[in-house]
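Have a look at final.txt; it's compact mmCIF, C-alpha atoms:
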# COMPACT_ATOMS: atom_id res chain seq x y z
CA MET A 20 20.46 13.31 -0.54
CA ASP A 21 22.64 15.30 1.91
CA GLU A 22 24.63 12.44 3.40
CA ALA A 23 26.51 14.63 5.89
CA ALA A 24 23.27 16.07 7.31
CA LEU A 25 21.75 12.61 7.47
CA ARG A 26 24.78 11.16 9.29
CA PHE A 27 24.71 13.97 11.86
CA TRP A 28 20.98 13.48 12.52
CA LEU A 29 21.27 9.68 12.76
CA ALA A 30 24.19 10.02 15.17
CA GLN A 31 22.00 12.09 17.48
CA ALA A 32 18.96 9.82 17.09
CA SER A 33 20.93 6.63 17.76
CA GLY A 34 23.06 8.06 20.56
CA ASP A 35 26.27 7.11 18.74
CA ALA A 36 28.32 10.19 17.83
CA GLY A 37 30.64 7.97 15.80
CA LEU A 38 27.91 6.48 13.61
CA ARG A 39 29.15 5.86 10.06
CA ILE A 40 27.15 5.60 6.84
CA THR A 41 28.85 2.94 4.73
CA ALA A 42 26.35 2.86 1.83
CA LEU A 43 23.35 4.89 0.67
CA THR A 44 21.54 3.75 -2.48
CA ARG A 45 18.17 4.64 -3.97
CA LEU A 46 15.97 1.55 -4.27
CA SER A 47 13.88 0.85 -7.34
CA GLY A 48 10.09 1.11 -7.27
CA GLY A 49 8.13 3.46 -5.05
CA ALA A 50 6.20 5.66 -7.47
CA ILE A 51 4.69 7.61 -4.57
CA GLN A 52 7.47 7.48 -1.96
CA GLN A 53 11.23 7.13 -2.15
CA ASN A 54 13.09 4.31 -0.42
CA TRP A 55 16.85 4.32 0.18
CA ALA A 56 18.99 1.37 1.27
CA LEU A 57 21.05 2.65 4.18
CA ASP A 58 24.02 0.71 5.57
CA VAL A 59 25.49 2.06 8.80
CA GLU A 60 27.78 1.13 11.64
CA VAL A 61 26.31 1.88 15.06
CA LEU A 62 28.61 1.36 18.04
CA GLY A 63 30.80 -0.65 15.70
CA THR A 64 27.98 -3.01 14.65
CA PRO A 65 26.82 -3.09 11.00
CA GLN A 66 23.14 -2.32 10.54
CA ARG A 67 20.99 -2.52 7.39
CA TRP A 68 18.19 0.03 7.28
CA VAL A 69 15.76 1.62 4.85
CA LEU A 70 15.14 5.37 4.76
CA ARG A 71 11.67 6.28 3.50
CA THR A 72 10.75 9.79 2.39
CA ASP A 73 8.44 11.61 -0.03
CA ALA A 74 8.86 11.57 -3.79
CA PRO A 75 9.10 15.03 -5.45
CA ALA A 76 5.35 14.98 -6.16
CA VAL A 77 3.01 13.20 -3.75
CA LEU A 78 -0.63 12.17 -3.86
CA ALA A 79 -2.90 14.18 -1.60
CA VAL A 80 -4.53 10.97 -0.35
CA SER A 81 -1.20 9.58 0.89
CA HIS A 82 -0.31 9.79 4.58
CA THR A 83 2.69 11.78 5.72
CA ARG A 84 5.84 9.98 6.82
CA PRO A 85 5.15 10.63 10.54
CA GLN A 86 1.69 9.17 10.10
CA GLU A 87 3.00 6.12 8.26
CA PHE A 88 5.58 5.66 11.03
CA ALA A 89 2.74 5.61 13.60
CA LEU A 90 0.85 3.05 11.52
CA LEU A 91 3.92 0.80 11.37
CA ARG A 92 4.23 0.95 15.15
CA ALA A 93 0.56 0.10 15.65
CA ALA A 94 0.76 -2.78 13.18
CA ARG A 95 3.90 -4.20 14.77
CA GLU A 96 2.27 -4.08 18.21
CA ALA A 97 -0.69 -6.01 16.76
CA GLY A 98 1.59 -8.78 15.55
CA VAL A 99 1.61 -7.84 11.87
CA THR A 100 4.85 -8.76 10.11
CA VAL A 101 6.30 -5.33 9.33
CA PRO A 102 9.80 -3.84 9.37
CA GLU A 103 10.75 -2.48 12.78
CA PRO A 104 10.25 1.34 12.77
CA LEU A 105 13.40 2.86 14.25
CA TYR A 106 13.70 6.65 13.93
CA LEU A 107 11.43 9.44 12.74
CA CYS A 108 12.60 12.87 11.57
CA GLU A 109 9.87 15.49 11.21
CA ASP A 110 12.35 18.35 10.67
CA ALA A 111 12.31 19.14 6.93
CA ALA A 112 15.52 21.14 7.36
CA VAL A 113 17.57 17.93 7.57
CA LEU A 114 16.84 16.46 4.12
CA GLY A 115 14.26 18.86 2.71
CA ARG A 116 11.29 16.72 3.75
CA PRO A 117 10.34 14.43 6.65
CA PHE A 118 11.60 10.86 6.65
CA PHE A 119 11.79 7.78 8.81
CA VAL A 120 14.20 4.88 9.16
CA MET A 121 13.17 1.26 9.55
CA ALA A 122 14.93 -2.09 9.60
CA ARG A 123 15.67 -3.58 6.19
CA ILE A 124 13.97 -6.89 5.47
CA GLU A 125 15.32 -9.39 2.95
CA GLY A 126 12.87 -10.96 0.54
CA ILE A 127 11.10 -10.58 -2.80
CA ALA A 128 8.25 -8.17 -3.46
CA ALA A 129 8.45 -7.70 -7.25
CA PRO A 130 5.03 -8.86 -8.50
CA HIS A 131 6.24 -10.46 -11.74
CA ARG A 132 8.58 -12.67 -9.69
CA VAL A 133 6.13 -13.40 -6.87
CA VAL A 134 3.32 -14.68 -9.11
CA LYS A 135 5.67 -16.94 -11.11
CA ASP A 136 7.61 -18.51 -8.24
CA ALA A 137 5.53 -21.29 -6.72
CA THR A 138 8.08 -21.84 -3.92
CA LEU A 139 7.87 -18.39 -2.32
CA GLY A 140 6.05 -18.12 0.99
CA GLY A 141 6.24 -21.87 1.54
CA GLY A 142 4.16 -22.67 -1.58
CA ARG A 143 1.15 -21.01 -3.16
CA GLU A 144 -1.64 -22.15 -0.85
CA ALA A 145 0.46 -21.80 2.30
CA CYS A 146 1.51 -18.34 1.16
CA VAL A 147 -1.98 -16.95 0.61
CA ALA A 148 -3.17 -18.52 3.87
CA ALA A 149 -0.33 -16.72 5.68
CA LEU A 150 -1.29 -13.49 3.94
CA GLY A 151 -4.86 -13.99 5.11
CA ARG A 152 -3.60 -14.28 8.69
CA GLU A 153 -1.60 -11.06 8.30
CA LEU A 154 -4.71 -9.24 7.10
CA ALA A 155 -6.74 -10.57 10.04
CA ARG A 156 -4.15 -9.09 12.43
CA ILE A 157 -4.47 -5.73 10.68
CA HIS A 158 -8.25 -5.87 10.94
CA ALA A 159 -7.98 -6.61 14.68
CA ILE A 160 -6.92 -2.94 15.08
CA ARG A 161 -10.13 -1.04 15.68
CA PRO A 162 -11.15 2.49 16.58
CA PRO A 163 -10.87 4.50 18.69
CA ARG A 164 -7.07 4.68 18.90
CA ALA A 165 -5.36 7.77 20.33
CA ASP A 166 -2.12 6.92 18.52
CA LEU A 167 -4.02 6.87 15.20
CA ALA A 168 -6.14 9.96 15.83
CA PHE A 169 -4.91 11.46 12.55
CA LEU A 170 -7.10 8.92 10.73
CA GLY A 171 -10.15 10.83 11.95
CA ASP A 172 -13.51 9.30 12.73
CA PRO A 173 -14.53 6.17 10.79
CA PRO A 174 -16.97 6.87 7.95
CA ALA A 175 -20.59 6.18 8.79
CA ASP A 176 -20.81 4.17 5.56
CA ALA A 177 -17.46 3.06 4.16
CA ALA A 178 -18.91 1.99 0.81
CA LEU A 179 -20.63 5.29 0.06
CA ALA A 180 -17.62 7.22 1.37
CA ALA A 181 -15.35 5.33 -1.07
CA ILE A 182 -17.66 6.14 -3.99
CA ALA A 183 -17.79 9.83 -3.03
CA SER A 184 -14.00 9.97 -2.72
CA LEU A 185 -13.40 8.47 -6.16
CA ARG A 186 -16.05 10.63 -7.77
CA GLY A 187 -14.45 13.70 -6.22
CA ARG A 188 -11.04 12.73 -7.60
CA LEU A 189 -12.47 12.20 -11.08
CA ASP A 190 -14.15 15.61 -10.91
CA ALA A 191 -10.95 17.27 -9.71
CA ALA A 192 -8.88 15.71 -12.50
CA GLY A 193 -11.18 17.26 -15.10
CA THR A 194 -10.72 14.50 -17.69
CA PRO A 195 -13.99 12.81 -18.75
CA ARG A 196 -14.02 9.16 -17.69
CA PRO A 197 -17.58 7.99 -18.56
CA VAL A 198 -16.86 4.28 -18.01
CA LEU A 199 -15.54 4.91 -14.52
CA GLU A 200 -18.48 7.19 -13.74
CA TRP A 201 -20.85 4.47 -14.98
CA GLY A 202 -19.10 1.94 -12.77
CA LEU A 203 -19.44 4.21 -9.75
CA ARG A 204 -23.15 4.59 -10.44
CA ALA A 205 -23.52 0.81 -10.58
CA LEU A 206 -21.75 0.57 -7.22
CA GLU A 207 -23.94 3.29 -5.77
CA ARG A 208 -27.12 1.46 -6.74
CA LYS A 209 -25.99 -1.78 -5.08
CA ALA A 210 -23.95 -0.52 -2.14
CA PRO A 211 -23.75 -2.99 0.79
CA ALA A 212 -24.91 -2.04 4.26
CA PRO A 213 -22.25 -0.71 6.67
CA VAL A 214 -20.34 -3.02 9.01
CA PRO A 215 -18.25 -2.15 12.10
CA PRO A 216 -15.04 -0.40 11.02
CA VAL A 217 -11.53 -1.83 11.26
CA LEU A 218 -8.11 -0.62 10.21
CA CYS A 219 -7.78 -1.27 6.49
CA HIS A 220 -4.34 -1.32 4.90
CA ASN A 221 -5.96 -0.07 1.66
CA ASP A 222 -3.08 -1.28 -0.51
CA PHE A 223 -2.68 -4.90 0.63
CA ARG A 224 -1.68 -6.55 -2.66
CA THR A 225 1.00 -8.41 -4.54
CA GLY A 226 3.86 -5.94 -4.87
CA ASN A 227 3.43 -4.51 -1.38
CA ILE A 228 4.14 -7.81 0.36
CA MET A 229 7.68 -9.14 0.76
CA LEU A 230 8.08 -12.90 0.70
CA ASN A 231 10.90 -15.34 1.30
CA ALA A 232 11.11 -19.12 1.01
CA GLN A 233 9.58 -19.63 4.46
CA GLY A 234 6.65 -17.21 4.40
CA VAL A 235 5.73 -13.55 4.69
CA ALA A 236 8.77 -11.37 5.39
CA ALA A 237 6.98 -8.01 5.62
CA VAL A 238 3.78 -6.13 4.81
CA LEU A 239 4.90 -2.84 3.23
CA ASP A 240 3.55 0.57 2.16
CA TRP A 241 1.05 1.78 4.75
CA GLU A 242 0.55 5.23 3.22
CA PHE A 243 -3.17 4.77 2.42
CA ALA A 244 -4.35 2.98 5.60
CA GLY A 245 -7.57 4.11 7.26
CA TRP A 246 -10.76 3.00 9.00
CA GLY A 247 -13.15 1.10 6.77
CA ASP A 248 -14.95 -2.09 5.79
CA PRO A 249 -12.66 -5.16 6.08
CA HIS A 250 -14.09 -6.48 2.79
CA ALA A 251 -12.34 -3.56 1.07
CA ASP A 252 -8.92 -5.12 1.72
CA LEU A 253 -10.15 -8.58 0.76
CA GLY A 254 -11.58 -7.29 -2.50
CA TRP A 255 -8.45 -5.26 -3.28
CA PHE A 256 -6.17 -8.27 -2.85
CA CYS A 257 -8.40 -10.52 -4.95
CA ALA A 258 -9.18 -8.03 -7.72
CA LYS A 259 -8.12 -9.13 -11.21
CA CYS A 260 -5.95 -6.03 -11.66
CA TRP A 261 -3.57 -7.29 -8.94
CA ARG A 262 -3.09 -10.82 -10.27
CA PHE A 263 -0.35 -9.74 -12.69
CA GLY A 264 -1.40 -12.04 -15.47
CA GLN A 265 -2.08 -15.09 -13.29
CA VAL A 266 -5.85 -14.63 -13.56
CA ALA A 267 -6.76 -18.14 -12.39
CA GLN A 268 -5.00 -17.55 -9.05
CA GLU A 269 -7.70 -15.32 -7.57
CA ALA A 270 -5.77 -14.38 -4.42
CA GLY A 271 -3.25 -11.87 -5.70
CA GLY A 272 -2.13 -14.04 -8.61
CA ILE A 273 -0.47 -16.30 -6.03
CA GLY A 274 -3.02 -18.88 -4.86
CA SER A 275 -6.67 -19.70 -4.40
CA ARG A 276 -9.28 -17.43 -2.91
CA ALA A 277 -10.43 -20.30 -0.68
CA ALA A 278 -7.01 -20.71 0.94
CA PHE A 279 -6.67 -16.96 1.41
CA LEU A 280 -10.06 -16.66 3.14
CA ALA A 281 -9.38 -19.78 5.23
CA GLY A 282 -6.17 -18.17 6.48
CA TYR A 283 -8.03 -14.94 7.17
CA GLY A 284 -10.27 -16.86 9.52
CA LEU A 285 -12.64 -14.01 10.39
CA PRO A 286 -16.28 -13.99 9.20
CA VAL A 287 -16.56 -12.92 5.55
CA ASP A 288 -19.71 -12.06 3.60
CA SER A 289 -18.76 -13.51 0.21
CA ALA A 290 -21.64 -11.70 -1.45
CA ARG A 291 -19.91 -8.38 -0.71
CA LEU A 292 -16.62 -9.28 -2.40
CA PRO A 293 -17.64 -8.69 -6.07
CA TRP A 294 -18.78 -5.19 -5.08
CA TRP A 295 -15.43 -4.38 -3.47
CA GLU A 296 -13.48 -5.95 -6.35
CA LEU A 297 -15.28 -3.64 -8.79
CA LEU A 298 -14.53 -0.68 -6.55
CA ALA A 299 -10.88 -1.81 -6.41
CA THR A 300 -10.71 -1.84 -10.20
CA ILE A 301 -12.17 1.65 -10.48
CA ARG A 302 -9.91 2.91 -7.71
CA TRP A 303 -6.81 1.58 -9.44
CA ALA A 304 -7.94 3.18 -12.71
CA VAL A 305 -8.31 6.54 -10.94
CA ILE A 306 -4.87 6.16 -9.34
CA ALA A 307 -3.32 5.17 -12.68
CA ALA A 308 -4.82 8.25 -14.33
CA ASP A 309 -3.54 10.44 -11.48
CA GLN A 310 -0.06 8.93 -11.86
CA ALA A 311 -0.01 9.73 -15.56
CA ALA A 312 -1.15 13.27 -14.78
CA ARG A 313 1.88 13.76 -12.52
CA HIS A 314 4.09 13.01 -15.52
CA LEU A 315 2.09 15.01 -18.06
CA SER A 316 1.91 18.06 -15.80
CA GLY A 317 5.69 18.17 -15.53
CA GLN A 318 5.57 17.75 -11.75
CA GLU A 319 7.58 14.54 -11.99
CA ARG A 320 8.75 13.38 -15.39
CA SER A 321 8.82 9.59 -15.22
CA LEU A 322 8.47 6.80 -17.77
CA GLU A 323 6.97 4.59 -15.04
CA LEU A 324 4.25 7.13 -14.30
CA ALA A 325 3.56 7.67 -18.00
CA LEU A 326 3.21 3.95 -18.67
CA THR A 327 0.91 3.53 -15.67
CA GLY A 328 -1.60 5.76 -17.46
CA HIS A 329 -1.75 3.26 -20.33
CA MET A 330 -3.40 0.74 -18.00
CA VAL A 331 -6.61 2.78 -17.78
CA PRO A 332 -8.35 1.48 -20.96
CA GLU A 333 -7.87 -2.17 -19.95
CA LEU A 334 -9.19 -1.37 -16.48
CA GLU A 335 -12.20 0.36 -18.02
CA TRP A 336 -12.91 -2.77 -20.04
CA ASP A 337 -12.87 -4.80 -16.81
CA VAL A 338 -15.18 -2.25 -15.16
CA LEU A 339 -17.76 -2.70 -17.93
CA ALA A 340 -17.74 -6.48 -17.54
CA MET A 341 -17.77 -6.46 -13.73
CA ALA A 342 -20.52 -3.85 -13.41
CA GLU A 343 -22.70 -5.82 -15.80
CA ALA A 344 -22.29 -8.92 -13.62
CA LEU A 345 -22.76 -7.14 -10.28
Hey, can you dump this file as structure tokens for me?
Amino acid sequence: MDEAALRFWLAQASGDAGLRITALTRLSGGAIQQNWALDVEVLGTPQRWVLRTDAPAVLAVSHTRPQEFALLRAAREAGVTVPEPLYLCEDAAVLGRPFFVMARIEGIAAPHRVVKDATLGGGREACVAALGRELARIHAIRPPRADLAFLGDPPADAALAAIASLRGRLDAAGTPRPVLEWGLRALERKAPAPVPPVLCHNDFRTGNIMLNAQGVAAVLDWEFAGWGDPHADLGWFCAKCWRFGQVAQEAGGIGSRAAFLAGYGLPVDSARLPWWELLATIRWAVIAADQAARHLSGQERSLELALTGHMVPELEWDVLAMAEAL
């Protein structure tokens, strides 16, 4: 990280030629993007920010930083609890790749801590109800939106589009995954009818939500958002693979599905949720395999990425059970 170049750019962006960087530290986590804790003094006032930029190797399905910045702005305007987006730099000459700066939020996002601490978010049932309300605000954002034009037109059929996308990624990877292919075929045979599209976060889960003792501090990581079926986000949050060992707590390993859906408040077709939970499991298996491939290819040597690949067999086992019950 070129701290001198960053300081010069931030001084221009903030309008304070005397801006000082007092601390710059890489944050843990972020297998797809990098996050840096950035402490500055602007006009003599201490500020705590986060700088978000690309990791050395990125997933093709991930949005760019300018696009994620636009999504944060749209979400904040819709009342979603997100960090305030402050400055966007699209000039790769500054740090070697685009980045943006947002306000730093205090709280806990680490999944192993979130699912074991019954006091976070005001208590388990209150927490998942609040998360349901956050998701409803996201789903209130609907096309068309000129500021989100980069998302393209909504798919005519979000379910079939999701299947085609995952099948294409499996084909491109070149590694035989017969269980995942079988799961996709089961989904294809029982695909639900299309519903009007909404903005889906597409990674709304434990680990991407920051909590404090009072409630939801921030909804993070908007890099996969797009137009789709609102049940996709509901199924992703409730899928077994995101309960982090707390299987009985169906809403993200935190609380009950009933409290989560009650907080969501919008009409939900419960019969569609098992379909989207199976798709979520297959999608996570495909992502996990892609993450391992980044390590194995030498693009980005990382123990975290390598270990992620070891999740695939367990996910395949879940796919077999869920597809049989679909």
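With CA of Ala290 (chain A) on one side and CA of Arg204 (chain A) on the other, the separation reads 18.7 Å.
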Between CA of Cys260 (chain A) and CA of Arg123 (chain A), measure the distance and give it in Å to one decimal.
28.1 Å
Straight-line distance linking CA of Cys257 (chain A) with CA of Gly234 (chain A), stated in Å to one decimal:
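The value is 18.9 Å.
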Can you list, as a list in words, every protein, DNA or RNA residue that comes within 8 Å of region 307-310 of chain A when you count all atoms listed in the file, leaving out same-chain residues fewer than 3 positions away?
Ala192, Trp303, Ala304, Arg313, His314, Leu324, Ala325, Thr327, Gly328, Met330 and Val331 of chain A
Counting only C-alpha atoms, the residue of A:Pro85, A:Gly271, A:Pro173, A:Gly141 that sits nearest Thr225 (chain A)
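With only C-alpha atoms as the atom set, the closest residue is A:Gly271.
With all atoms listed in the file as the atoms that count, the minimum distance from Thr300 (chain A) to the choices A:Lys259, A:His250, A:Arg143, A:Arg39 is reached by A:Lys259.
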Who sits within 10 Å of Ala212 (chain A), all atoms listed in the file, same chain under 4 positions skipped, as a PDB file with C-alpha atoms, in the coordinates of the input:
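Okay, this is what ended up in result20.pdb:
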ATOM      1  CA  ASP A 176     -20.810   4.170   5.560  1.00  0.00           C
ATOM      2  CA  ALA A 177     -17.460   3.060   4.160  1.00  0.00           C
ATOM      3  CA  ALA A 178     -18.910   1.990   0.810  1.00  0.00           C
ATOM      4  CA  LEU A 179     -20.630   5.290   0.060  1.00  0.00           C
ATOM      5  CA  ARG A 291     -19.910  -8.380  -0.710  1.00  0.00           C
TER       6      ARG A 291
END
Test item: residues at most 12 Å from Ala36 (chain A), all atoms listed in the file, excluding those fewer than 2 positions along its chain, as a list in words:
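Listed by chain and then number, they are Arg26, Phe27, Trp28, Leu29, Ala30, Gln31, Ala32, Ser33, Gly34, Leu38, Arg39, Ile40, Glu60, Val61, Leu62 and Gly63 of chain A.
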Grab the residues selected above and save them as an mmCIF file, in the frame of the given file with C-alpha atoms.
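Full text of again.cif as output:
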data_model
loop_
_atom_site.group_PDB
_atom_site.id
_atom_site.type_symbol
_atom_site.label_atom_id
_atom_site.label_comp_id
_atom_site.auth_asym_id
_atom_site.auth_seq_id
_atom_site.Cartn_x
_atom_site.Cartn_y
_atom_site.Cartn_z
ATOM 1 C CA ARG A 26 24.780 11.160 9.290
ATOM 2 C CA PHE A 27 24.710 13.970 11.860
ATOM 3 C CA TRP A 28 20.980 13.480 12.520
ATOM 4 C CA LEU A 29 21.270 9.680 12.760
ATOM 5 C CA ALA A 30 24.190 10.020 15.170
ATOM 6 C CA GLN A 31 22.000 12.090 17.480
ATOM 7 C CA ALA A 32 18.960 9.820 17.090
ATOM 8 C CA SER A 33 20.930 6.630 17.760
ATOM 9 C CA GLY A 34 23.060 8.060 20.560
ATOM 10 C CA LEU A 38 27.910 6.480 13.610
ATOM 11 C CA ARG A 39 29.150 5.860 10.060
ATOM 12 C CA ILE A 40 27.150 5.600 6.840
ATOM 13 C CA GLU A 60 27.780 1.130 11.640
ATOM 14 C CA VAL A 61 26.310 1.880 15.060
ATOM 15 C CA LEU A 62 28.610 1.360 18.040
ATOM 16 C CA GLY A 63 30.800 -0.650 15.700
#
Write out as a count of residues only the residues lying within 10 Å of Glu200 (chain A), counting only C-alpha atoms and excluding same-chain residues fewer than 2 positions away.
15
Between A:Gly274, A:Gly282, A:Pro215, A:Gly115, which has the minimum distance to Pro162 (chain A) (counting only C-alpha atoms)?
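Residue with the minimum atom-to-atom distance to Pro162 (chain A): A:Pro215.
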So that I can see what lies close to Trp255 (chain A), please list as number ranges by chain the residues with an atom at most 8 Å from it, counting all atoms listed in the file and leaving out residues fewer than 4 positions away in the same chain.
A: 221-224, 251, 261, 295-296, 299
Find the residue from A:Ala183, A:Phe243, A:Arg84, A:Pro117 that sits nearest to Pro104 (chain A); use all atoms listed in the file when measuring.
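Nearest to Pro104 (chain A): A:Arg84.
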So, with all atoms listed in the file as the atoms that count, which of A:Asp252, A:Asp166, A:Glu323, A:Glu103 lies closest to Ala237 (chain A)?
A:Glu103
Selected residue of minimal separation from Ala74 (chain A) among A:Ile306, A:Glu144, A:Tyr106, A:Phe118, counting only C-alpha atoms:
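Of all the options, A:Phe118 lies closest to Ala74 (chain A).
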